[in-house]
>>> print(open('protein_30.cif').read())   # mmCIF, C-alpha atoms
data_upload
#
loop_
_atom_site.label_atom_id
_atom_site.label_comp_id
_atom_site.auth_asym_id
_atom_site.auth_seq_id
_atom_site.Cartn_x
_atom_site.Cartn_y
_atom_site.Cartn_z
CA ALA A 252 83.70 73.22 105.25
CA VAL A 253 84.71 76.77 106.03
CA ARG A 254 88.19 77.51 104.80
CA LEU A 255 90.28 80.64 105.21
CA VAL A 256 93.20 81.42 102.95
CA GLU A 257 95.64 84.19 103.81
CA SER A 258 97.82 85.86 101.21
CA GLY A 259 99.98 88.95 100.80
CA GLY A 260 102.65 88.27 103.35
CA GLY A 261 106.38 88.34 102.75
CA GLU A 262 109.45 90.32 103.62
CA VAL A 263 109.62 94.09 103.60
CA GLN A 264 112.01 96.69 104.93
CA SER A 265 111.22 98.77 107.97
CA GLY A 266 108.88 101.60 107.01
CA GLY A 267 107.36 99.64 104.16
CA SER A 268 103.81 98.39 103.64
CA LEU A 269 102.02 95.13 103.05
CA ARG A 270 98.39 94.23 102.51
CA LEU A 271 97.22 90.89 103.81
CA SER A 272 94.12 89.25 102.42
CA CYS A 273 91.91 86.63 104.01
CA ARG A 274 89.47 84.91 101.71
CA ILE A 275 86.67 82.87 103.27
CA SER A 276 85.38 80.00 101.21
CA GLU A 277 82.29 77.91 101.83
CA SER A 278 80.93 80.56 104.18
CA PRO A 279 77.56 79.25 105.39
CA TYR A 280 76.23 82.59 106.62
CA ASN A 281 76.35 86.22 105.57
CA LYS A 282 76.90 87.57 109.09
CA TYR A 283 80.25 86.94 110.69
CA VAL A 284 83.21 88.51 112.37
CA VAL A 285 86.79 88.25 111.14
CA GLY A 286 89.87 88.85 113.19
CA TRP A 287 93.53 89.18 112.37
CA PHE A 288 95.93 87.81 114.94
CA ARG A 289 99.70 87.50 115.03
CA GLN A 290 102.27 85.47 116.86
CA ALA A 291 105.92 86.43 117.04
CA PRO A 292 108.58 83.86 117.94
CA GLU A 293 108.41 82.92 121.62
CA LYS A 294 105.46 85.21 122.23
CA LYS A 295 101.78 84.61 122.79
CA ARG A 296 99.36 85.12 119.96
CA GLU A 297 97.73 88.53 120.09
CA GLY A 298 94.79 90.17 118.41
CA VAL A 299 95.56 92.85 115.85
CA ALA A 300 92.24 93.95 114.34
CA SER A 301 88.72 92.71 113.87
CA ILE A 302 85.80 93.63 111.65
CA ASP A 303 82.20 92.47 111.48
CA THR A 304 79.77 92.49 108.59
CA HIS A 305 78.28 95.79 109.82
CA GLY A 306 81.69 97.35 109.26
CA ASP A 307 82.45 97.93 112.92
CA THR A 308 86.11 97.52 113.78
CA VAL A 309 88.29 96.95 116.80
CA TYR A 310 92.05 97.43 116.89
CA SER A 311 94.76 96.46 119.29
CA ASP A 312 96.12 99.32 121.38
CA SER A 313 99.63 97.89 121.40
CA ASP A 314 102.50 99.16 119.29
CA SER A 315 100.33 101.86 117.71
CA VAL A 316 98.66 99.26 115.52
CA LYS A 317 95.58 101.39 115.15
CA ASP A 318 97.57 104.27 113.73
CA ARG A 319 99.35 102.10 111.17
CA PHE A 320 97.06 99.19 110.34
CA THR A 321 93.64 99.30 108.68
CA ILE A 322 91.20 96.42 108.46
CA SER A 323 88.56 96.40 105.74
CA ALA A 324 86.24 93.95 104.09
CA ASP A 325 84.65 93.20 100.78
CA ASN A 326 81.59 91.26 101.88
CA ALA A 327 80.62 90.34 98.34
CA LYS A 328 84.01 88.69 97.86
CA LYS A 329 84.04 87.37 101.44
CA THR A 330 87.52 88.76 101.75
CA VAL A 331 89.00 90.77 104.60
CA TYR A 332 92.11 92.88 104.23
CA LEU A 333 94.72 94.14 106.64
CA GLN A 334 96.64 97.10 105.29
CA MET A 335 99.86 97.51 107.24
CA ASN A 336 101.84 100.71 106.83
CA SER A 337 105.03 102.03 108.42
CA LEU A 338 105.99 98.51 109.34
CA LYS A 339 108.46 97.96 112.14
CA VAL A 340 110.79 95.09 112.92
CA GLU A 341 108.53 94.36 115.91
CA ASP A 342 105.67 93.58 113.50
CA THR A 343 107.51 90.47 112.35
CA ALA A 344 105.23 87.54 113.09
CA MET A 345 103.02 84.85 111.68
CA TYR A 346 99.67 86.47 110.92
CA TYR A 347 96.43 84.53 111.12
CA CYS A 348 92.90 85.34 110.16
CA ALA A 349 89.94 83.79 111.90
CA VAL A 350 86.18 83.87 111.47
CA ASP A 351 83.21 83.19 113.69
CA TYR A 352 79.50 82.97 112.87
CA ILE A 353 78.04 82.97 116.38
CA TRP A 354 79.77 85.99 117.93
CA VAL A 355 79.29 88.39 115.01
CA VAL A 356 80.56 91.55 116.69
CA ALA A 357 84.10 92.82 116.18
CA ASP A 358 86.27 91.53 119.00
CA LEU A 359 89.90 90.53 119.64
CA LYS A 360 89.28 87.66 122.04
CA GLU A 361 90.68 84.73 120.13
CA ASP A 362 88.60 82.19 122.05
CA LEU A 363 85.53 83.53 120.26
CA TYR A 364 86.78 82.41 116.87
CA GLU A 365 86.00 78.96 115.57
CA TYR A 366 87.71 78.83 112.18
CA TRP A 367 91.34 79.73 111.55
CA GLY A 368 93.60 80.06 108.57
CA GLN A 369 97.00 78.43 108.30
CA GLY A 370 98.82 81.68 108.84
CA ILE A 371 101.16 83.74 106.72
CA GLN A 372 104.60 85.04 107.57
CA VAL A 373 105.38 88.75 107.68
CA THR A 374 109.02 89.66 108.12
CA VAL A 375 110.17 93.23 108.54
CA SER A 376 113.88 93.82 108.20
CA SER A 377 115.83 96.81 109.47
#
>>> encode(input="protein_30.cif", output="structure tokens")
Amino acid sequence: AVRLVESGGGEVQSGGSLRLSCRISESPYNKYVVGWFRQAPEKKREGVASIDTHGDTVYSDSDSVKDRFTISADNAKKTVYLQMNSLKVEDTAMYYCAVDYIWVVADLKEDLYEYWGQGIQVTVSS
């Protein structure tokens, strides 16, 4: 069964950086799309960034994510990364990665994604 494992989260001070990793195991196909989503306490889950196996990317327009976060992938390792720089307190959330094999174009609509990781906490302190 497809399994996603997130790593790299933790606590960092405002202005710091973290790199999240999402490793996909038992991937049945070589074409897929991966998205990073986050959910802050008492807020709805939102899309952060997405990448497909062609390397096309989509970023959220909120909170200047695109200017601070970078999504990348190592297809050979079936691992997707989210480099987060200049972190703000508002970036504190549980971060999830998700993968889909039917809709293989970068997209932030979470309903498109079939498989989800357990999530990893990112805490940014002031």
>>> resolve_selection(input="protein_30.cif", expression="the PyMOL selection byres ((chain A and resi 315) around 12)", output="list in words")
Val299, Ala300, Tyr310, Ser311, Asp312, Ser313, Asp314, Val316, Lys317, Asp318, Arg319, Phe320, Thr321, Met335, Asn336, Ser337, Leu338, Lys339, Glu341 and Asp342 of chain A
>>> write_last_selection(input="protein_30.cif", atoms="C-alpha atoms", output="compact mmCIF listing (two decimals), in the coordinates of the input")
# COMPACT_ATOMS: atom_id res chain seq x y z
CA VAL A 299 95.56 92.85 115.85
CA ALA A 300 92.24 93.95 114.34
CA TYR A 310 92.05 97.43 116.89
CA SER A 311 94.76 96.46 119.29
CA ASP A 312 96.12 99.32 121.38
CA SER A 313 99.63 97.89 121.40
CA ASP A 314 102.50 99.16 119.29
CA VAL A 316 98.66 99.26 115.52
CA LYS A 317 95.58 101.39 115.15
CA ASP A 318 97.57 104.27 113.73
CA ARG A 319 99.35 102.10 111.17
CA PHE A 320 97.06 99.19 110.34
CA THR A 321 93.64 99.30 108.68
CA MET A 335 99.86 97.51 107.24
CA ASN A 336 101.84 100.71 106.83
CA SER A 337 105.03 102.03 108.42
CA LEU A 338 105.99 98.51 109.34
CA LYS A 339 108.46 97.96 112.14
CA GLU A 341 108.53 94.36 115.91
CA ASP A 342 105.67 93.58 113.50
>>> atom_distance(input="protein_30.cif", atom1="CA of Tyr366 in chain A", atom2="CA of Pro292 in chain A")
22.2 Å
>>> residues_around(input="protein_30.cif", residues="Ser376 in chain A", least_positions_apart="2", cutoff="8 Å", atoms="all atoms listed in the file", output="mmCIF file with C-alpha atoms, in the coordinates of the input")
data_model
loop_
_atom_site.group_PDB
_atom_site.id
_atom_site.type_symbol
_atom_site.label_atom_id
_atom_site.label_comp_id
_atom_site.auth_asym_id
_atom_site.auth_seq_id
_atom_site.Cartn_x
_atom_site.Cartn_y
_atom_site.Cartn_z
ATOM 1 C CA GLU A 262 109.450 90.320 103.620
ATOM 2 C CA VAL A 263 109.620 94.090 103.600
ATOM 3 C CA GLN A 264 112.010 96.690 104.930
ATOM 4 C CA SER A 265 111.220 98.770 107.970
ATOM 5 C CA LYS A 339 108.460 97.960 112.140
ATOM 6 C CA VAL A 340 110.790 95.090 112.920
ATOM 7 C CA THR A 374 109.020 89.660 108.120
#
>>> resolve_selection(input="protein_30.cif", expression="the PyMOL selection byres ((chain A and resi 344) around 9)", output="number ranges by chain")
A: 289-292, 341-343, 345-346, 371-375
>>> axis_aligned_box(input="protein_30.cif", around="range 362-374 of chain A", padding_each_side="5 Å", output="AutoDock Vina command-line options")
--center_x 97.3 --center_y 84.0 --center_z 114.4 --size_x 33.5 --size_y 21.2 --size_z 25.3
>>> build_atoms(input="protein_30.cif", residues="range 270-293 of chain A", atoms="N, CA, C and O atoms", output="compact mmCIF listing (two decimals), in the coordinates of the input")
# COMPACT_ATOMS: atom_id res chain seq x y z
N ARG A 270 99.83 94.42 102.34
CA ARG A 270 98.39 94.23 102.51
C ARG A 270 98.11 92.73 102.54
O ARG A 270 98.35 92.02 101.56
N LEU A 271 97.61 92.28 103.67
CA LEU A 271 97.22 90.89 103.81
C LEU A 271 95.77 90.72 103.40
O LEU A 271 94.94 91.61 103.61
N SER A 272 95.48 89.58 102.80
CA SER A 272 94.12 89.25 102.42
C SER A 272 93.72 87.94 103.09
O SER A 272 94.55 87.04 103.25
N CYS A 273 92.45 87.85 103.43
CA CYS A 273 91.91 86.63 104.01
C CYS A 273 90.61 86.32 103.27
O CYS A 273 89.62 87.04 103.40
N ARG A 274 90.66 85.28 102.48
CA ARG A 274 89.47 84.91 101.71
C ARG A 274 88.77 83.75 102.40
O ARG A 274 89.40 82.75 102.74
N ILE A 275 87.47 83.90 102.59
CA ILE A 275 86.67 82.87 103.27
C ILE A 275 85.89 82.10 102.22
O ILE A 275 85.10 82.69 101.47
N SER A 276 86.12 80.82 102.16
CA SER A 276 85.38 80.00 101.21
C SER A 276 84.38 79.12 101.96
O SER A 276 84.58 78.79 103.13
N GLU A 277 83.34 78.74 101.26
CA GLU A 277 82.29 77.91 101.83
C GLU A 277 81.68 78.54 103.09
O GLU A 277 81.38 77.85 104.06
N SER A 278 81.52 79.86 103.03
CA SER A 278 80.93 80.56 104.18
C SER A 278 79.43 80.24 104.24
O SER A 278 78.70 80.55 103.31
N PRO A 279 78.96 79.66 105.34
CA PRO A 279 77.56 79.25 105.39
C PRO A 279 76.57 80.37 105.69
O PRO A 279 75.38 80.23 105.45
N TYR A 280 77.09 81.49 106.24
CA TYR A 280 76.23 82.59 106.62
C TYR A 280 76.79 83.91 106.09
O TYR A 280 77.97 84.04 105.81
N ASN A 281 75.92 84.91 106.04
CA ASN A 281 76.35 86.22 105.57
C ASN A 281 76.76 87.15 106.71
O ASN A 281 77.31 88.22 106.46
N LYS A 282 76.47 86.76 107.95
CA LYS A 282 76.90 87.57 109.09
C LYS A 282 78.03 86.84 109.80
O LYS A 282 77.92 85.66 110.14
N TYR A 283 79.11 87.56 110.03
CA TYR A 283 80.25 86.94 110.69
C TYR A 283 81.20 88.03 111.19
O TYR A 283 81.03 89.21 110.88
N VAL A 284 82.15 87.61 111.92
CA VAL A 284 83.21 88.51 112.37
C VAL A 284 84.55 87.88 111.97
O VAL A 284 84.72 86.67 112.03
N VAL A 285 85.45 88.71 111.53
CA VAL A 285 86.79 88.25 111.14
C VAL A 285 87.83 88.99 111.97
O VAL A 285 87.72 90.19 112.18
N GLY A 286 88.78 88.25 112.43
CA GLY A 286 89.87 88.85 113.19
C GLY A 286 91.20 88.52 112.59
O GLY A 286 91.38 87.45 112.00
N TRP A 287 92.13 89.44 112.71
CA TRP A 287 93.53 89.18 112.37
C TRP A 287 94.31 89.09 113.68
O TRP A 287 94.17 89.95 114.56
N PHE A 288 95.11 88.04 113.77
CA PHE A 288 95.93 87.81 114.94
C PHE A 288 97.36 87.61 114.49
O PHE A 288 97.62 87.32 113.32
N ARG A 289 98.31 87.75 115.39
CA ARG A 289 99.70 87.50 115.03
C ARG A 289 100.43 86.87 116.21
O ARG A 289 100.07 87.06 117.37
N GLN A 290 101.45 86.11 115.84
CA GLN A 290 102.27 85.47 116.86
C GLN A 290 103.73 85.58 116.45
O GLN A 290 104.13 85.02 115.43
N ALA A 291 104.47 86.31 117.26
CA ALA A 291 105.92 86.43 117.04
C ALA A 291 106.62 85.27 117.73
O ALA A 291 106.06 84.65 118.65
N PRO A 292 107.83 84.97 117.32
CA PRO A 292 108.58 83.86 117.94
C PRO A 292 108.67 84.03 119.46
O PRO A 292 108.96 85.12 119.95
N GLU A 293 108.33 82.98 120.16
CA GLU A 293 108.41 82.92 121.62
C GLU A 293 107.48 83.91 122.31
O GLU A 293 107.71 84.27 123.47
